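This is data_20.txt (compact mmCIF, C-alpha atoms).
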# COMPACT_ATOMS: atom_id res chain seq x y z
CA MET A 1 -25.92 -7.67 22.10
CA LYS A 2 -22.47 -8.83 21.18
CA LEU A 3 -21.44 -8.40 17.59
CA ASP A 4 -20.36 -11.67 15.96
CA VAL A 5 -16.78 -10.68 15.23
CA ALA A 6 -15.74 -14.15 14.07
CA ALA A 7 -18.39 -14.06 11.36
CA LEU A 8 -17.21 -10.60 10.42
CA LEU A 9 -13.70 -11.90 9.82
CA ASP A 10 -14.95 -14.83 7.73
CA ASP A 11 -16.63 -12.25 5.58
CA LEU A 12 -13.65 -9.90 5.31
CA PRO A 13 -11.81 -10.54 2.05
CA PRO A 14 -8.03 -10.83 2.18
CA LEU A 15 -5.91 -7.96 0.92
CA ALA A 16 -5.31 -8.25 -2.82
CA PRO A 17 -2.55 -10.82 -3.58
CA GLY A 18 -0.74 -8.26 -5.73
CA VAL A 19 -0.62 -5.90 -2.77
CA LEU A 20 0.80 -8.57 -0.45
CA GLU A 21 3.45 -9.25 -3.04
CA VAL A 22 4.41 -5.56 -3.14
CA LEU A 23 4.53 -5.43 0.68
CA ALA A 24 6.85 -8.46 0.70
CA GLN A 25 9.10 -6.75 -1.86
CA LEU A 26 9.22 -3.66 0.36
CA ASP A 27 10.22 -5.79 3.36
CA ALA A 28 13.19 -7.34 1.58
CA ALA A 29 16.61 -6.49 3.05
CA GLU A 30 17.60 -5.05 -0.31
CA VAL A 31 14.71 -3.71 -2.36
CA ASP A 32 14.67 -4.78 -6.02
CA TYR A 33 13.26 -1.62 -7.59
CA ALA A 34 12.58 -3.24 -10.98
CA ALA A 35 10.45 -5.95 -9.34
CA LEU A 36 8.81 -3.38 -7.06
CA GLU A 37 7.89 -1.22 -10.04
CA ALA A 38 6.48 -4.23 -11.89
CA GLY A 39 4.43 -5.22 -8.84
CA ILE A 40 3.01 -1.74 -8.34
CA ARG A 41 2.20 -1.33 -12.02
CA ARG A 42 0.06 -4.47 -11.90
CA GLU A 43 -2.23 -2.58 -9.47
CA PRO A 44 -3.33 0.54 -11.39
CA ALA A 45 -4.94 2.28 -8.40
CA LEU A 46 -1.70 1.85 -6.51
CA ALA A 47 0.51 3.08 -9.36
CA LEU A 48 -1.66 6.17 -9.78
CA ARG A 49 -1.49 7.09 -6.11
CA VAL A 50 2.26 6.53 -5.83
CA LEU A 51 2.84 8.76 -8.86
CA ARG A 52 0.51 11.46 -7.58
CA LEU A 53 2.16 11.54 -4.18
CA ALA A 54 5.69 11.71 -5.65
CA ASN A 55 4.59 14.59 -7.89
CA SER A 56 3.04 16.50 -5.01
CA ALA A 57 4.59 19.62 -3.60
CA PHE A 58 5.95 17.83 -0.51
CA TYR A 59 8.72 16.33 -2.54
CA GLY A 60 9.45 19.33 -4.77
CA PHE A 61 9.17 17.53 -8.12
CA SER A 62 5.71 18.73 -9.20
CA GLY A 63 4.87 17.07 -12.50
CA GLN A 64 8.41 15.78 -13.13
CA ILE A 65 8.13 12.16 -11.95
CA GLY A 66 6.89 9.97 -14.77
CA SER A 67 7.81 6.43 -13.75
CA VAL A 68 6.78 4.34 -10.76
CA ARG A 69 10.44 3.48 -10.13
CA GLU A 70 11.44 7.15 -9.85
CA ALA A 71 8.40 7.76 -7.65
CA CYS A 72 9.49 4.96 -5.27
CA LEU A 73 13.00 6.42 -5.05
CA VAL A 74 11.63 9.89 -4.29
CA LEU A 75 9.16 8.66 -1.68
CA GLY A 76 11.34 6.06 0.01
CA THR A 77 10.22 2.53 0.80
CA GLN A 78 8.55 3.40 4.12
CA THR A 79 6.24 5.95 2.52
CA VAL A 80 5.49 3.61 -0.37
CA ARG A 81 4.62 0.92 2.19
CA GLN A 82 2.16 3.32 3.84
CA VAL A 83 0.53 4.19 0.53
CA VAL A 84 0.28 0.52 -0.43
CA LEU A 85 -1.42 -0.41 2.85
CA ALA A 86 -3.80 2.54 2.71
CA VAL A 87 -4.81 1.76 -0.88
CA ALA A 88 -5.25 -1.94 -0.05
CA VAL A 89 -7.45 -1.18 2.97
CA MET A 90 -9.46 1.43 1.07
CA ALA A 91 -10.14 -1.13 -1.67
CA GLN A 92 -11.63 -3.61 0.85
CA LEU A 93 -13.56 -1.07 2.90
CA LYS A 94 -15.38 1.09 0.40
CA PRO A 95 -18.37 2.91 1.86
CA ALA A 96 -21.77 2.11 0.39
CA ARG A 97 -24.22 4.90 -0.19
CA GLY A 98 -25.52 6.29 3.08
CA THR A 99 -23.00 4.77 5.52
CA PRO A 100 -23.26 6.45 8.94
CA TYR A 101 -19.90 8.20 8.85
CA ASP A 102 -18.14 10.17 6.14
CA GLN A 103 -15.25 7.85 5.37
CA ARG A 104 -13.18 10.60 3.77
CA ARG A 105 -13.22 12.54 7.03
CA LEU A 106 -12.39 9.38 9.03
CA TRP A 107 -9.31 8.95 6.83
CA GLN A 108 -8.41 12.61 7.33
CA HIS A 109 -8.37 11.98 11.09
CA GLY A 110 -6.05 9.02 10.45
CA ILE A 111 -3.75 11.20 8.36
CA GLY A 112 -3.60 13.78 11.17
CA ALA A 113 -2.82 11.05 13.71
CA ALA A 114 -0.16 9.64 11.33
CA ALA A 115 1.61 13.01 11.20
CA ALA A 116 1.43 13.44 14.97
CA ALA A 117 2.64 9.87 15.58
CA LYS A 118 5.60 10.37 13.25
CA GLY A 119 6.50 13.64 14.97
CA ILE A 120 6.26 12.13 18.46
CA ALA A 121 8.24 9.04 17.45
CA GLU A 122 11.01 11.14 15.90
CA ARG A 123 11.40 13.36 18.93
CA HIS A 124 10.43 11.35 21.97
CA SER A 125 10.65 7.60 21.64
CA GLY A 126 12.65 4.73 20.30
CA VAL A 127 9.78 3.84 17.97
CA ASP A 128 10.45 3.70 14.22
CA PRO A 129 8.78 6.88 12.88
CA ALA A 130 7.60 5.11 9.71
CA LEU A 131 5.89 2.36 11.71
CA ALA A 132 4.37 5.01 14.01
CA SER A 133 3.07 6.92 11.02
CA THR A 134 1.48 3.87 9.36
CA THR A 135 -0.09 2.77 12.64
CA GLY A 136 -1.43 6.28 13.22
CA LEU A 137 -2.99 6.17 9.76
CA LEU A 138 -4.70 2.82 10.46
CA HIS A 139 -5.42 3.14 14.21
CA ASP A 140 -9.17 3.52 13.58
CA LEU A 141 -9.33 0.64 11.10
CA GLY A 142 -12.19 -0.83 13.18
CA LYS A 143 -14.37 2.23 12.47
CA LEU A 144 -13.91 1.68 8.73
CA VAL A 145 -14.84 -2.00 9.13
CA LEU A 146 -17.94 -1.23 11.20
CA ASN A 147 -18.96 1.69 8.99
CA THR A 148 -18.82 -0.37 5.81
CA ARG A 149 -19.82 -3.88 7.01
CA PHE A 150 -22.38 -3.08 9.72
CA ASP A 151 -23.81 0.22 8.59
CA ASP A 152 -27.28 -0.40 10.11
CA LEU A 153 -25.84 -1.20 13.53
CA TYR A 154 -23.33 1.61 13.26
CA ARG A 155 -26.20 4.01 12.55
CA GLU A 156 -27.64 2.91 15.92
CA VAL A 157 -24.25 3.54 17.51
CA ARG A 158 -24.18 7.01 16.04
CA ALA A 159 -27.71 7.76 17.33
CA ARG A 160 -26.72 6.52 20.81
CA ARG A 161 -23.59 8.67 20.78
CA ILE A 162 -25.57 11.78 19.99
CA GLN A 163 -28.36 10.94 22.45
CA ASP A 164 -25.96 10.31 25.36
CA ASP A 165 -23.33 12.89 24.30
CA CYS A 166 -20.79 10.14 24.89
CA SER A 167 -17.71 9.11 22.95
CA LEU A 168 -18.03 6.85 19.91
CA VAL A 169 -16.15 4.04 21.67
CA GLU A 170 -18.59 4.17 24.62
CA ALA A 171 -21.59 4.07 22.28
CA GLU A 172 -20.06 1.11 20.41
CA ARG A 173 -19.64 -0.84 23.65
CA ALA A 174 -23.22 -0.06 24.69
CA VAL A 175 -24.81 -1.02 21.35
CA LEU A 176 -22.44 -3.66 19.94
CA GLY A 177 -20.86 -5.18 23.04
CA THR A 178 -17.49 -4.55 21.42
CA ASP A 179 -15.66 -1.54 20.00
CA HIS A 180 -13.65 -0.37 17.00
CA CYS A 181 -10.40 -1.12 18.86
CA GLU A 182 -11.17 -4.84 19.10
CA VAL A 183 -12.68 -5.04 15.62
CA GLY A 184 -9.76 -3.13 14.11
CA ALA A 185 -7.19 -5.33 15.85
CA LEU A 186 -8.91 -8.49 14.62
CA ALA A 187 -9.06 -7.15 11.07
CA ALA A 188 -5.40 -6.11 11.24
CA ALA A 189 -4.39 -9.56 12.53
CA HIS A 190 -6.58 -11.17 9.82
CA TRP A 191 -4.60 -9.15 7.29
CA ARG A 192 -1.31 -10.19 8.92
CA LEU A 193 -0.19 -6.68 9.83
CA PRO A 194 2.75 -6.52 12.29
CA PRO A 195 1.89 -7.63 15.88
CA ALA A 196 3.00 -4.29 17.40
CA MET A 197 0.60 -2.51 15.03
CA VAL A 198 -2.22 -4.89 15.96
CA ALA A 199 -1.57 -4.21 19.68
CA ALA A 200 -1.55 -0.44 19.13
CA ILE A 201 -4.84 -0.60 17.22
CA ARG A 202 -6.35 -2.70 20.03
CA HIS A 203 -5.15 -0.51 22.91
CA HIS A 204 -5.01 3.03 21.54
CA HIS A 205 -7.80 4.01 23.97
CA ASP A 206 -6.28 2.18 26.96
CA PRO A 207 -2.50 2.26 26.39
CA ASP A 208 -1.70 1.22 29.97
CA ALA A 209 -3.06 -2.26 29.14
CA ALA A 210 -0.30 -2.70 26.55
CA ALA A 211 2.41 -0.43 28.02
CA GLU A 212 4.22 -0.58 24.67
CA PRO A 213 5.95 2.42 23.10
CA LEU A 214 4.11 2.19 19.75
CA THR A 215 0.73 2.02 21.50
CA ASP A 216 1.67 5.01 23.69
CA VAL A 217 2.73 7.05 20.66
CA VAL A 218 -0.46 6.30 18.74
CA HIS A 219 -2.64 6.99 21.79
CA VAL A 220 -1.13 10.47 22.22
CA ALA A 221 -1.20 11.10 18.45
CA ASP A 222 -4.94 10.37 18.38
CA VAL A 223 -5.46 12.95 21.13
CA VAL A 224 -3.37 15.54 19.23
CA ALA A 225 -5.34 15.04 16.00
CA ARG A 226 -8.58 15.45 17.97
CA ALA A 227 -7.30 18.49 19.88
CA LEU A 228 -6.40 20.15 16.56
CA ASP A 229 -9.77 19.11 15.09
CA VAL A 230 -8.36 17.25 12.10
CA GLY A 231 -10.91 15.24 10.12
CA ASP A 232 -13.72 13.48 11.97
CA PRO A 233 -12.96 10.65 14.39
CA GLY A 234 -16.70 10.07 14.88
CA ASP A 235 -17.24 12.26 17.94
CA ASP A 236 -16.22 15.72 19.09
CA LEU A 237 -14.63 14.72 22.40
CA VAL A 238 -10.92 14.98 23.15
CA PRO A 239 -10.11 12.04 25.45
CA ALA A 240 -7.62 12.34 28.30
CA ILE A 241 -4.02 11.38 27.67
CA ALA A 242 -3.33 8.35 29.88
CA ASP A 243 -0.88 9.29 32.66
CA GLY A 244 1.11 6.09 32.11
CA ALA A 245 1.59 6.73 28.38
CA TRP A 246 2.64 10.33 29.04
CA GLN A 247 5.19 9.27 31.64
CA ARG A 248 6.56 6.33 29.68
CA LEU A 249 7.17 8.58 26.67
CA GLY A 250 8.68 11.32 28.86
CA LEU A 251 6.72 13.90 26.90
CA THR A 252 6.41 17.62 27.59
CA LEU A 253 3.74 19.91 26.19
CA ASP A 254 6.21 22.11 24.36
CA GLY A 255 7.72 19.00 22.79
CA LEU A 256 4.28 17.78 21.78
CA ALA A 257 3.37 21.19 20.34
CA GLU A 258 6.32 20.90 17.95
CA THR A 259 4.26 18.33 16.05
CA PHE A 260 1.24 20.66 15.54
CA PRO A 261 2.49 22.25 12.28
CA ASP A 262 3.22 18.78 10.80
CA VAL A 263 -0.34 17.71 11.55
CA ASP A 264 -1.75 20.84 9.89
CA ARG A 265 0.49 20.54 6.84
CA LEU A 266 -0.70 17.02 6.11
CA ARG A 267 -4.30 18.02 6.68
CA ALA A 268 -3.93 20.71 4.04
CA ALA A 269 -2.59 18.31 1.47
CA ASP A 270 -4.98 15.39 2.01
CA LEU A 271 -3.14 13.50 -0.65
CA LEU A 272 -3.98 10.02 0.47
CA VAL A 273 -7.71 10.56 0.60
CA ASP A 274 -8.03 12.20 -2.80
CA GLY A 275 -10.83 10.37 -4.50
CA VAL A 276 -12.07 8.50 -1.41
CA GLU A 277 -15.84 8.39 -1.31
CA GLY A 278 -17.37 9.99 1.78
CA ALA A 279 -20.87 8.50 1.67
CA ALA A 280 -22.13 9.67 5.07
CA ASP A 281 -25.86 10.20 5.06
CA GLU A 282 -25.89 13.79 6.20
CA MET B 1 -0.73 37.64 14.57
CA ARG B 2 -0.94 36.79 10.92
CA GLU B 3 -3.53 35.93 8.33
CA VAL B 4 -3.76 34.49 4.83
CA ARG B 5 -4.23 37.01 2.04
CA GLN B 6 -4.24 36.75 -1.77
CA VAL B 7 -1.13 38.68 -2.84
CA PRO B 8 -0.08 39.51 -6.46
CA LEU B 9 2.91 37.42 -7.51
CA ALA B 10 4.81 40.56 -8.51
CA GLU B 11 4.69 41.81 -4.91
CA LEU B 12 6.08 38.62 -3.35
CA ALA B 13 9.64 38.26 -2.11
CA PRO B 14 11.30 34.83 -1.74
CA GLY B 15 10.51 33.30 1.64
CA ALA B 16 6.74 33.88 1.57
CA GLU B 17 4.75 30.98 3.03
CA LEU B 18 1.71 29.59 1.24
CA GLY B 19 -1.42 29.83 3.38
CA ALA B 20 -3.46 27.37 1.32
CA PRO B 21 -2.73 24.60 -1.18
CA LEU B 22 -2.16 25.91 -4.70
CA ALA B 23 -3.76 23.92 -7.52
CA ASP B 24 -3.57 24.23 -11.30
CA ASP B 25 -6.58 24.46 -13.66
CA GLN B 26 -7.15 20.71 -13.46
CA GLY B 27 -7.21 20.75 -9.66
CA ARG B 28 -3.77 19.14 -9.29
CA VAL B 29 -1.99 20.40 -6.20
CA LEU B 30 1.18 22.27 -7.21
CA PHE B 31 2.28 23.28 -3.73
CA ALA B 32 0.90 22.32 -0.32
CA ALA B 33 -0.09 24.88 2.27
CA GLY B 34 2.95 25.78 4.33
CA THR B 35 5.36 25.63 1.38
CA THR B 36 7.99 28.34 1.51
CA LEU B 37 8.20 29.99 -1.91
CA GLY B 38 11.81 30.49 -2.97
CA ASP B 39 13.12 31.98 -6.24
CA GLN B 40 12.64 28.67 -8.03
CA GLN B 41 9.00 28.24 -6.93
CA LEU B 42 8.15 31.88 -7.71
CA ALA B 43 9.62 31.49 -11.20
CA GLN B 44 7.62 28.30 -11.69
CA LEU B 45 4.39 30.09 -10.73
CA ALA B 46 5.19 32.97 -13.09
CA ARG B 47 5.80 30.50 -15.95
CA ARG B 48 2.39 28.99 -15.30
CA GLY B 49 0.81 32.42 -15.62
CA ILE B 50 -0.38 32.48 -11.98
CA GLU B 51 -0.97 36.11 -11.02
CA SER B 52 -1.65 35.96 -7.29
CA VAL B 53 -1.26 33.42 -4.49
CA PRO B 54 -2.60 32.98 -0.94
CA VAL B 55 0.25 33.65 1.50
CA TRP B 56 0.64 34.41 5.19
CA VAL B 57 1.00 38.14 5.94
CA ALA B 58 1.09 40.15 9.16
CA SER B 59 -2.48 40.56 10.32
CA THR B 60 -4.29 43.86 10.08
CA GLU B 61 -6.91 42.49 12.46
CA SER B 62 -8.20 45.06 14.95
CA ALA B 63 -8.01 44.45 18.70
CA GLU B 64 -11.77 43.78 18.78
CA GLU B 65 -11.56 41.28 15.91
CA ALA B 66 -8.66 39.50 17.60
CA ALA B 67 -10.59 39.32 20.87
CA ARG B 68 -13.66 37.95 19.07
CA ARG B 69 -11.58 35.33 17.30
CA ARG B 70 -10.00 34.30 20.59
CA ARG B 71 -13.43 33.90 22.20
CA GLU B 72 -14.61 31.74 19.29
CA LEU B 73 -11.53 29.54 19.62
CA GLU B 74 -12.05 29.27 23.38
CA VAL B 75 -15.67 28.16 22.91
CA GLN B 76 -14.68 25.54 20.32
CA LEU B 77 -11.89 24.19 22.51
CA ALA B 78 -14.04 24.17 25.66
CA HIS B 79 -16.59 22.10 23.72
CA ARG B 80 -14.06 19.56 22.47
CA PHE B 81 -12.32 19.33 25.86
CA ARG B 82 -15.58 19.28 27.89
CA ARG B 83 -15.03 15.83 29.38
CA VAL B 84 -11.41 16.41 30.45
CA ALA B 85 -11.44 20.05 31.57
CA ASP B 86 -10.70 19.09 35.18
CA ARG B 87 -7.43 17.36 34.26
CA PRO B 88 -4.43 19.68 34.56
CA LEU B 89 -2.54 18.11 31.62
CA MET B 90 -5.55 18.35 29.30
CA LYS B 91 -6.32 21.90 30.41
CA ALA B 92 -2.73 22.83 29.61
CA LEU B 93 -2.96 21.06 26.22
CA ALA B 94 -6.08 23.08 25.36
CA GLU B 95 -4.16 26.27 26.23
CA TRP B 96 -1.28 25.24 23.97
CA VAL B 97 -3.72 24.60 21.11
CA LEU B 98 -5.36 27.99 21.73
CA ARG B 99 -2.00 29.78 21.62
CA TYR B 100 -1.02 27.87 18.46
CA ARG B 101 -4.27 28.70 16.67
CA GLU B 102 -4.17 32.30 17.87
CA GLY B 103 -0.74 32.69 16.36
CA GLY B 104 -2.21 31.66 13.02
CA GLY B 105 -1.08 28.04 13.15
CA GLY B 106 -2.92 26.10 10.49
CA GLN B 107 -5.86 28.45 10.18

With the file now loaded, output its structure as structure tokens.
Amino acid sequence: MKLDVAALLDDLPPLAPGVLEVLAQLDAAEVDYAALEAGIRREPALALRVLRLANSAFYGFSGQIGSVREACLVLGTQTVRQVVLAVAVMAQLKPARGTPYDQRRLWQHGIGAAAAAKGIAERHSGVDPALASTTGLLHDLGKLVLNTRFDDLYREVRARRIQDDCSLVEAERAVLGTDHCEVGALAAAHWRLPPAMVAAIRHHHDPDAAAEPLTDVVHVADVVARALDVGDPGDDLVPAIADGAWQRLGLTLDGLAETFPDVDRLRAADLLVDGVEGAADE
Amino acid sequence: MREVRQVPLAELAPGAELGAPLADDQGRVLFAAGTTLGDQQLAQLARRGIESVPVWVASTESAEEAARRRRELEVQLAHRFRRVADRPLMKALAEWVLRYREGGGGQ
């Protein structure tokens, strides 16, 4: 069969208008913090998460940040952008009871990949580390879409994966005629995320097809998060790093290993997924 | 080799590294795992009445325990890397992860 992806997109609600407004404010050449604070405060889930993150140990102000404006200054606009996008996506893709995969653990994998992508971008590429981090966080967006919108079919995918001991992406192609890369890219484009991010989501399993630095970074970051066993990407197979991506980035293993502690530190904190429902059926 | 152990606050010197996230009574995370506890953080913990914290210490693991742990790690990694074990780069990556985990990284 071939999943009707066009119908899926018709059915996918847009990101909340308030969230788009906040994203636009964050993109402004000069951020108006009063307007940004007002925008964030209109979305209570967003305000809560921004405050919690700013008061977390990472930033050294435990319990001292009381206003959204202070929180935005502590976090910086790039981190706020990442939180805003994550909260917006989580709001649209909430797992129902008994979805095939534990969504909390899928997000944890994204957080691990985000940390690895940021580390790789900072050390080994011309890619903006903040963009790399956000794309790492959302690279498996398609799994969230399939898990929440097509849970019956995705349960079949899961059964096929276990039966064949294959990767999740292979089982998706066999059962659905498409995969989370394509579905995720379409959802990301539907939500008007940046084109480079859409391309990285589409090609993170075959980076040579895109041959773009952001895609290469996210591809390798996914492998690192899997190698370190962070969260649950839906299967227990570490895929090969594509030779082309490795060469284009000019990576070395000791350089890559420098990112391992960052990945573990974020895993320990799990701040973004606090309160995310898991809802897997086992 | 090192391991995480619960150590009384009074015995800690500045520079100790948290081995697990530290939360207050309401479950709010005060410090993430990996935080280095300086004078300021130690004073903050004392003010909150926290008596002991999980920190990294030099391991007292015996040679047999260390060997067993290494074997367990090797089995886990061989399982996760089972489809790519014949690729030199991936084999080398698995070895790096093994060395990192053996040294206490993140565990």

Using all atoms listed in the file, tabulate the residues of chain B lying at most 7 Å from any atom of chain A, each with its closest atom pair and that distance in Å to one decimal, by chain and increasing residue number, as a tab-separated table.
residue	atom	partner	partner_atom	distance
B:Pro21	CA	A:Ala268	CA	6.6
B:Val29	CA	A:Ser56	CA	6.5
B:Leu30	CA	A:Ala57	CA	5.6
B:Phe31	CA	A:Ala57	CA	4.3
B:Ala32	CA	A:Ala269	CA	5.6
B:Ala33	CA	A:Ala268	CA	5.9
B:Gly34	CA	A:Arg265	CA	6.3
B:Arg80	CA	A:Leu237	CA	4.9
B:Phe81	CA	A:Val238	CA	5.3
B:Val84	CA	A:Ala240	CA	6.0
B:Met90	CA	A:Ala240	CA	6.4
B:Leu93	CA	A:Leu253	CA	6.8
B:Val97	CA	A:Leu228	CA	6.9
B:Gly105	CA	A:Pro261	CA	6.9
B:Gly106	CA	A:Asp264	CA	5.4

Quiz item: Can you tell me how far CA of Ala24 (chain A) sits from CA of Met90 (chain A), in Å to one decimal?
Solution: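 Value for the CA of Ala24 (chain A)-CA of Met90 (chain A) distance: 19.1 Å.
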
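Nearest to Pro194 (chain A) of all the residues A:Ala171, A:Val220, A:Leu23, A:Ala71 is A:Leu23, counting only C-alpha atoms.
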
Practice problem: To one decimal in Å, tell me the separation between CA of Glu95 (chain B) and CA of Glu74 (chain B). | Solution: 8.9 Å

Self-check item: One-decimal distance in Å that lies between CA of Pro100 (chain A) and CA of Arg155 (chain A)
Solution: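 CA of Pro100 (chain A) lies 5.3 Å from CA of Arg155 (chain A).
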
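For region 107-114 of chain A, the non-local neighbours within 6 Å, defined as residues at least 4 positions apart in the same chain or in other chains and counting all atoms listed in the file, are Ser133, Gly136, Leu137, Ala221, Asp222, Ala225, Val230, Gly231, Asp232, Pro233 and Val263 of chain A.
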
Exercise. Would you kindly return, as a list of chain:residue names, each protein, DNA or RNA residue with an atom no farther than 9 Å from any atom of region 3-9 of chain B, considering all atoms listed in the file and excluding same-chain residues fewer than 2 positions away?
Key: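 Near neighbours after the sequence-gap exclusion: B:Met1, B:Glu11, B:Leu12, B:Ala13, B:Leu18, B:Gly19, B:Ala20, B:Leu42, B:Leu45, B:Ala46, B:Ile50, B:Glu51, B:Ser52, B:Val53, B:Pro54, B:Val55, B:Trp56, B:Val57, B:Ala58, B:Ser59, B:Thr60, B:Glu61, B:Gly104, B:Gln107.
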
Using C-alpha atoms, can you write the selected residues to a file as a compact mmCIF listing (two decimals), keeping the file's coordinate frame?
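File part.txt, as written:
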# COMPACT_ATOMS: atom_id res chain seq x y z
CA MET B 1 -0.73 37.64 14.57
CA GLU B 11 4.69 41.81 -4.91
CA LEU B 12 6.08 38.62 -3.35
CA ALA B 13 9.64 38.26 -2.11
CA LEU B 18 1.71 29.59 1.24
CA GLY B 19 -1.42 29.83 3.38
CA ALA B 20 -3.46 27.37 1.32
CA LEU B 42 8.15 31.88 -7.71
CA LEU B 45 4.39 30.09 -10.73
CA ALA B 46 5.19 32.97 -13.09
CA ILE B 50 -0.38 32.48 -11.98
CA GLU B 51 -0.97 36.11 -11.02
CA SER B 52 -1.65 35.96 -7.29
CA VAL B 53 -1.26 33.42 -4.49
CA PRO B 54 -2.60 32.98 -0.94
CA VAL B 55 0.25 33.65 1.50
CA TRP B 56 0.64 34.41 5.19
CA VAL B 57 1.00 38.14 5.94
CA ALA B 58 1.09 40.15 9.16
CA SER B 59 -2.48 40.56 10.32
CA THR B 60 -4.29 43.86 10.08
CA GLU B 61 -6.91 42.49 12.46
CA GLY B 104 -2.21 31.66 13.02
CA GLN B 107 -5.86 28.45 10.18

Exercise. Fewer than 6 positions away in the same chain doesn't count, so skip those; otherwise give me all residues within 7 Å of Val68 (chain A), counting all atoms listed in the file, as a ChimeraX atom specification.
Key: /A:37,47,51

Exercise. Would you list the residues near (-23.6, -4.2, 13.0) (no more than 12 Å away, in the coordinates of the file, using all atoms listed in the file) as a VMD selection string?
Key: chain A and resid 1 to 5 7 to 8 99 to 100 142 to 143 145 to 158 172 to 173 175 to 180 183

Practice problem: For Ala130 (chain A), work out the shell of residues within 12 Å, counting all atoms listed in the file and skipping chain neighbours fewer than 3 positions away, then give it as a PyMOL selection string. | Solution: chain A and resi 76-83+114-122+126-127+133-137+197+214

Quiz item: Got a sec: who's within 6 Å of Val22 (chain A), counting only C-alpha atoms, leaving out chain neighbours fewer than 3 positions off, as a list in words?
Solution: Val19, Gln25 and Gly39 of chain A

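Using all atoms listed in the file, the shortest contact distance between Arg71 (chain B) and any of B:Arg87, B:Arg101, B:Arg48, B:Arg2 is found at B:Arg101.
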
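Considering the residues A:Ala88, A:His190, A:Leu141, A:Cys181 and counting all atoms listed in the file, Ala6 (chain A) has its shortest atom-to-atom contact with A:His190.
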
Expected axis-aligned box over every listed atom of region 29-40 of chain A, 6 Å added per side, centre plus edges in Å to one decimal, as lines of an AutoDock Vina configuration file:
center_x = 10.3
center_y = -3.9
center_z = -4.4
size_x = 26.6
size_y = 17.3
size_z = 26.9

Practice problem: Please tell me which residues are no farther than 9 Å from (-1.8, 6.0, 27.3) in the file, counting all atoms listed in the file, and write them as number ranges by chain. | Solution: A: 203-211, 215-220, 240-248

Using C-alpha atoms, can you write the selected residues to a file as a PDB file, keeping the file's coordinate frame?
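After the write, again_16.pdb holds the following:
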ATOM      1  CA  HIS A 203      -5.150  -0.510  22.910  1.00  0.00           C
ATOM      2  CA  HIS A 204      -5.010   3.030  21.540  1.00  0.00           C
ATOM      3  CA  HIS A 205      -7.800   4.010  23.970  1.00  0.00           C
ATOM      4  CA  ASP A 206      -6.280   2.180  26.960  1.00  0.00           C
ATOM      5  CA  PRO A 207      -2.500   2.260  26.390  1.00  0.00           C
ATOM      6  CA  ASP A 208      -1.700   1.220  29.970  1.00  0.00           C
ATOM      7  CA  ALA A 209      -3.060  -2.260  29.140  1.00  0.00           C
ATOM      8  CA  ALA A 210      -0.300  -2.700  26.550  1.00  0.00           C
ATOM      9  CA  ALA A 211       2.410  -0.430  28.020  1.00  0.00           C
ATOM     10  CA  THR A 215       0.730   2.020  21.500  1.00  0.00           C
ATOM     11  CA  ASP A 216       1.670   5.010  23.690  1.00  0.00           C
ATOM     12  CA  VAL A 217       2.730   7.050  20.660  1.00  0.00           C
ATOM     13  CA  VAL A 218      -0.460   6.300  18.740  1.00  0.00           C
ATOM     14  CA  HIS A 219      -2.640   6.990  21.790  1.00  0.00           C
ATOM     15  CA  VAL A 220      -1.130  10.470  22.220  1.00  0.00           C
ATOM     16  CA  ALA A 240      -7.620  12.340  28.300  1.00  0.00           C
ATOM     17  CA  ILE A 241      -4.020  11.380  27.670  1.00  0.00           C
ATOM     18  CA  ALA A 242      -3.330   8.350  29.880  1.00  0.00           C
ATOM     19  CA  ASP A 243      -0.880   9.290  32.660  1.00  0.00           C
ATOM     20  CA  GLY A 244       1.110   6.090  32.110  1.00  0.00           C
ATOM     21  CA  ALA A 245       1.590   6.730  28.380  1.00  0.00           C
ATOM     22  CA  TRP A 246       2.640  10.330  29.040  1.00  0.00           C
ATOM     23  CA  GLN A 247       5.190   9.270  31.640  1.00  0.00           C
ATOM     24  CA  ARG A 248       6.560   6.330  29.680  1.00  0.00           C
TER      25      ARG A 248
END

Got a minute to add N, CA and C atoms to region 18-24 of chain A and dump it as a CSV table (one decimal), in the coordinates of the input?
chain,number,residue,atom,x,y,z
A,18,GLY,N,-1.8,-9.1,-5.1
A,18,GLY,CA,-0.7,-8.3,-5.7
A,18,GLY,C,-0.2,-7.3,-4.7
A,19,VAL,N,-1.0,-6.8,-3.8
A,19,VAL,CA,-0.6,-5.9,-2.8
A,19,VAL,C,0.3,-6.6,-1.8
A,20,LEU,N,-0.1,-7.8,-1.4
A,20,LEU,CA,0.8,-8.6,-0.4
A,20,LEU,C,2.2,-8.8,-1.0
A,21,GLU,N,2.2,-9.0,-2.3
A,21,GLU,CA,3.4,-9.2,-3.0
A,21,GLU,C,4.3,-8.0,-3.0
A,22,VAL,N,3.7,-6.8,-3.2
A,22,VAL,CA,4.4,-5.6,-3.1
A,22,VAL,C,4.9,-5.3,-1.7
A,23,LEU,N,4.1,-5.6,-0.7
A,23,LEU,CA,4.5,-5.4,0.7
A,23,LEU,C,5.7,-6.3,1.0
A,24,ALA,N,5.7,-7.6,0.5
A,24,ALA,CA,6.8,-8.5,0.7
A,24,ALA,C,8.1,-7.9,0.0
